[in-house]
Amino acid sequence: MSSSTTTALSRQPLAQVLKNVEDPRDRRGVRHSLFAVLSLAVTGVLAGCRSLTAIWEHTTDLTGADLRSLGLEAGQALPSESTIRRVLQDLEPADLDALLRAWLCTRTGTINGRTVIAVDGKTMRGARTGEDPAPHLLAALDHATGAVLTQERVAGKSNEIPVLRRLLEPLDPGGVVVTADAMHTQADTAQWIRGRGGHYLLTVKDNQKTLRRTLKALPWRDVPSISSVDTSHGRRGRRTVKALNVPKWVDFPGSAQAVQVRRTRTVKGRKRVEVVYLVCSLPMTDAQPEAVAAWVRGHWGIENRLHWIRDVVFDEDRHQLSTRNGPEIMAALRNLAISLIRLFLGPGVSIASTARSLSRRPKRAIRLLTQPTP
């Protein structure tokens, strides 16, 4: 994508992006534009609506001026719940995701001077139908802004490992640091990321027993550490991080730095200690332990910053839209709502509190669609 195209896209409000989504419907008999249906759905999700019925009920509370801002003409009847359902389940996820991804990628931030993207998966348990397994979606989240850049569905008889490449390829991983859990600590994956000019920070567990034993045997006692204390959620935790350059005899593609993270948690007087090892393709001259520690915290936070919010705030695991492309589209809309709130209001804002506020003040939600991000 050229710099001029990127600049122009970064100035567009989300509404303009939604107008470019391809409508899969036959034009005959179409009463509501795809832009109108999508805008109403996004506005409803921003307001915390947990079902299609709730989204439709939310539209009935909007004023005429609000509806016109979202693509409905004066006096035009609202789309019914069944219309919203049919449109969303027939929409092509790849087309919607490509447009949203291009728009969101112009808004990534940096941590310690680098763009850092966390990759993690989530199963939509409520969308399971009969013998078909629940859809499992792999998402890429920008550490700095908390925006969800893209997602990719994992085939029913596959796993996340091959999907990671399809997920990251359109993001142009050159120069980006990718953080992922132990499942993705694979030689082929590391080689693929480095081959495209990117870097990785991968967790090493028992699926790579030889590598883990090798990292564990390094002279950690002689390595200085940095520590931080966390007292959130009624718990007290200390995280101690050590890092050293990987010896040449460690056999893992592109590995330059090994990291040891010791987490000590005290909950109701009971202490628990966990030691985790990671491997990073950036040497210590380019990524100091403080920076790596921030990336580690950012990756471990994806569970609370994305999965927990989709489950608890939006009640995703009990959502019953399970036919055709419905689950993927609804997940994309929830990801988009989370991203919009953080891009406009800051990465640390409470999604639950903001959604409640937007449900009372729908004009604020509409502005998130119709105004360019700051």
# chains A, B, ... in the order shown; residues from 1 in each chain; ligands from 1
$ closest_atom_pairs --of "range 267-289 of chain A" --to "range 216-219 of chain A" --cutoff "10 Å" --atoms "only C-alpha atoms" --output "tab-separated table"
residue	atom	partner	partner_atom	distance
A:Val275	CA	A:Lys216	CA	9.5
A:Val276	CA	A:Lys216	CA	9.2
A:Tyr277	CA	A:Lys216	CA	7.4
$ select_by_dssp --residues "range 17-140 of chain A" --states "alpha helix (DSSP H)" --output "PyMOL selection string"
chain A and resi 17-18+34-46+52-60+64-69+81-90+93-104
$ residues_around --residues "range 158-164 of chain A" --least-positions-apart "4" --cutoff "8 Å" --atoms "only C-alpha atoms" --output "PyMOL selection string"
chain A and resi 119+121+138+152-154+168+183-184+189
$ residues_around --residues "Arg310 in chain A" --least-positions-apart "4" --cutoff "10 Å" --atoms "only C-alpha atoms" --output "ChimeraX atom specification"
/A:50,122,124,303-306,314-317,331,334-335,338,351
$ residues_around --residues "Arg85 in chain A" --least-positions-apart "6" --cutoff "10 Å" --atoms "only C-alpha atoms" --output "list in words"
Val37, Ala41, Leu52, Thr53, Trp56, Pro79, Leu321, Thr323 and Gly326 of chain A
$ write_last_selection --atoms "N, CA, C and O atoms" --output "mmCIF file, in the first residue's frame"
data_model
loop_
_atom_site.group_PDB
_atom_site.id
_atom_site.type_symbol
_atom_site.label_atom_id
_atom_site.label_comp_id
_atom_site.auth_asym_id
_atom_site.auth_seq_id
_atom_site.Cartn_x
_atom_site.Cartn_y
_atom_site.Cartn_z
ATOM 1 N N VAL A 37 -27.416 -1.356 7.496
ATOM 2 C CA VAL A 37 -27.516 -2.518 8.387
ATOM 3 C C VAL A 37 -26.237 -2.680 9.204
ATOM 4 O O VAL A 37 -26.276 -2.907 10.428
ATOM 5 N N ALA A 41 -25.744 -2.273 13.273
ATOM 6 C CA ALA A 41 -25.186 -3.383 14.043
ATOM 7 C C ALA A 41 -23.972 -2.932 14.853
ATOM 8 O O ALA A 41 -23.855 -3.260 16.048
ATOM 9 N N LEU A 52 -28.880 -10.141 18.600
ATOM 10 C CA LEU A 52 -29.447 -9.430 17.461
ATOM 11 C C LEU A 52 -30.751 -8.754 17.835
ATOM 12 O O LEU A 52 -31.070 -7.672 17.331
ATOM 13 N N THR A 53 -31.516 -9.388 18.720
ATOM 14 C CA THR A 53 -32.751 -8.754 19.191
ATOM 15 C C THR A 53 -32.448 -7.455 19.921
ATOM 16 O O THR A 53 -33.124 -6.436 19.727
ATOM 17 N N TRP A 56 -31.585 -4.794 17.416
ATOM 18 C CA TRP A 56 -32.798 -4.240 16.793
ATOM 19 C C TRP A 56 -33.531 -3.318 17.764
ATOM 20 O O TRP A 56 -33.981 -2.228 17.375
ATOM 21 N N PRO A 79 -34.881 -1.844 9.541
ATOM 22 C CA PRO A 79 -34.718 -3.266 9.196
ATOM 23 C C PRO A 79 -35.130 -4.116 10.394
ATOM 24 O O PRO A 79 -34.850 -3.778 11.545
ATOM 25 N N LEU A 321 -26.153 -16.919 17.362
ATOM 26 C CA LEU A 321 -26.068 -16.821 15.904
ATOM 27 C C LEU A 321 -24.980 -17.781 15.430
ATOM 28 O O LEU A 321 -23.792 -17.531 15.587
ATOM 29 N N THR A 323 -25.288 -19.812 12.292
ATOM 30 C CA THR A 323 -25.401 -20.272 10.909
ATOM 31 C C THR A 323 -24.510 -19.459 9.971
ATOM 32 O O THR A 323 -24.262 -18.278 10.182
ATOM 33 N N GLY A 326 -22.314 -16.013 10.267
ATOM 34 C CA GLY A 326 -22.733 -15.189 11.388
ATOM 35 C C GLY A 326 -21.744 -15.109 12.533
ATOM 36 O O GLY A 326 -21.442 -14.006 13.025
#
$ residues_around --residues "Val204 in chain A" --least-positions-apart "5" --cutoff "6 Å" --atoms "only C-alpha atoms" --output "mmCIF file with N, CA, C and O atoms, in the first residue's frame"
data_model
loop_
_atom_site.group_PDB
_atom_site.id
_atom_site.type_symbol
_atom_site.label_atom_id
_atom_site.label_comp_id
_atom_site.auth_asym_id
_atom_site.auth_seq_id
_atom_site.Cartn_x
_atom_site.Cartn_y
_atom_site.Cartn_z
ATOM 1 N N ALA A 182 3.004 -20.723 23.476
ATOM 2 C CA ALA A 182 3.901 -21.846 23.213
ATOM 3 C C ALA A 182 3.502 -22.661 21.993
ATOM 4 O O ALA A 182 4.369 -23.268 21.350
ATOM 5 N N ARG A 212 13.431 -26.027 25.839
ATOM 6 C CA ARG A 212 13.152 -25.559 27.202
ATOM 7 C C ARG A 212 14.250 -26.001 28.160
ATOM 8 O O ARG A 212 14.708 -25.217 29.010
ATOM 9 N N TYR A 277 10.014 -19.480 30.274
ATOM 10 C CA TYR A 277 11.134 -19.120 29.409
ATOM 11 C C TYR A 277 10.593 -18.689 28.048
ATOM 12 O O TYR A 277 9.613 -19.241 27.545
ATOM 13 N N LEU A 278 11.257 -17.695 27.463
ATOM 14 C CA LEU A 278 10.880 -17.193 26.146
ATOM 15 C C LEU A 278 12.130 -17.030 25.301
ATOM 16 O O LEU A 278 13.242 -16.892 25.831
#
$ closest_residue --among "A:Asp120, A:Glu274, A:Asp97, A:Glu290" --to "Arg262 in chain A" --atoms "only C-alpha atoms"
A:Glu274
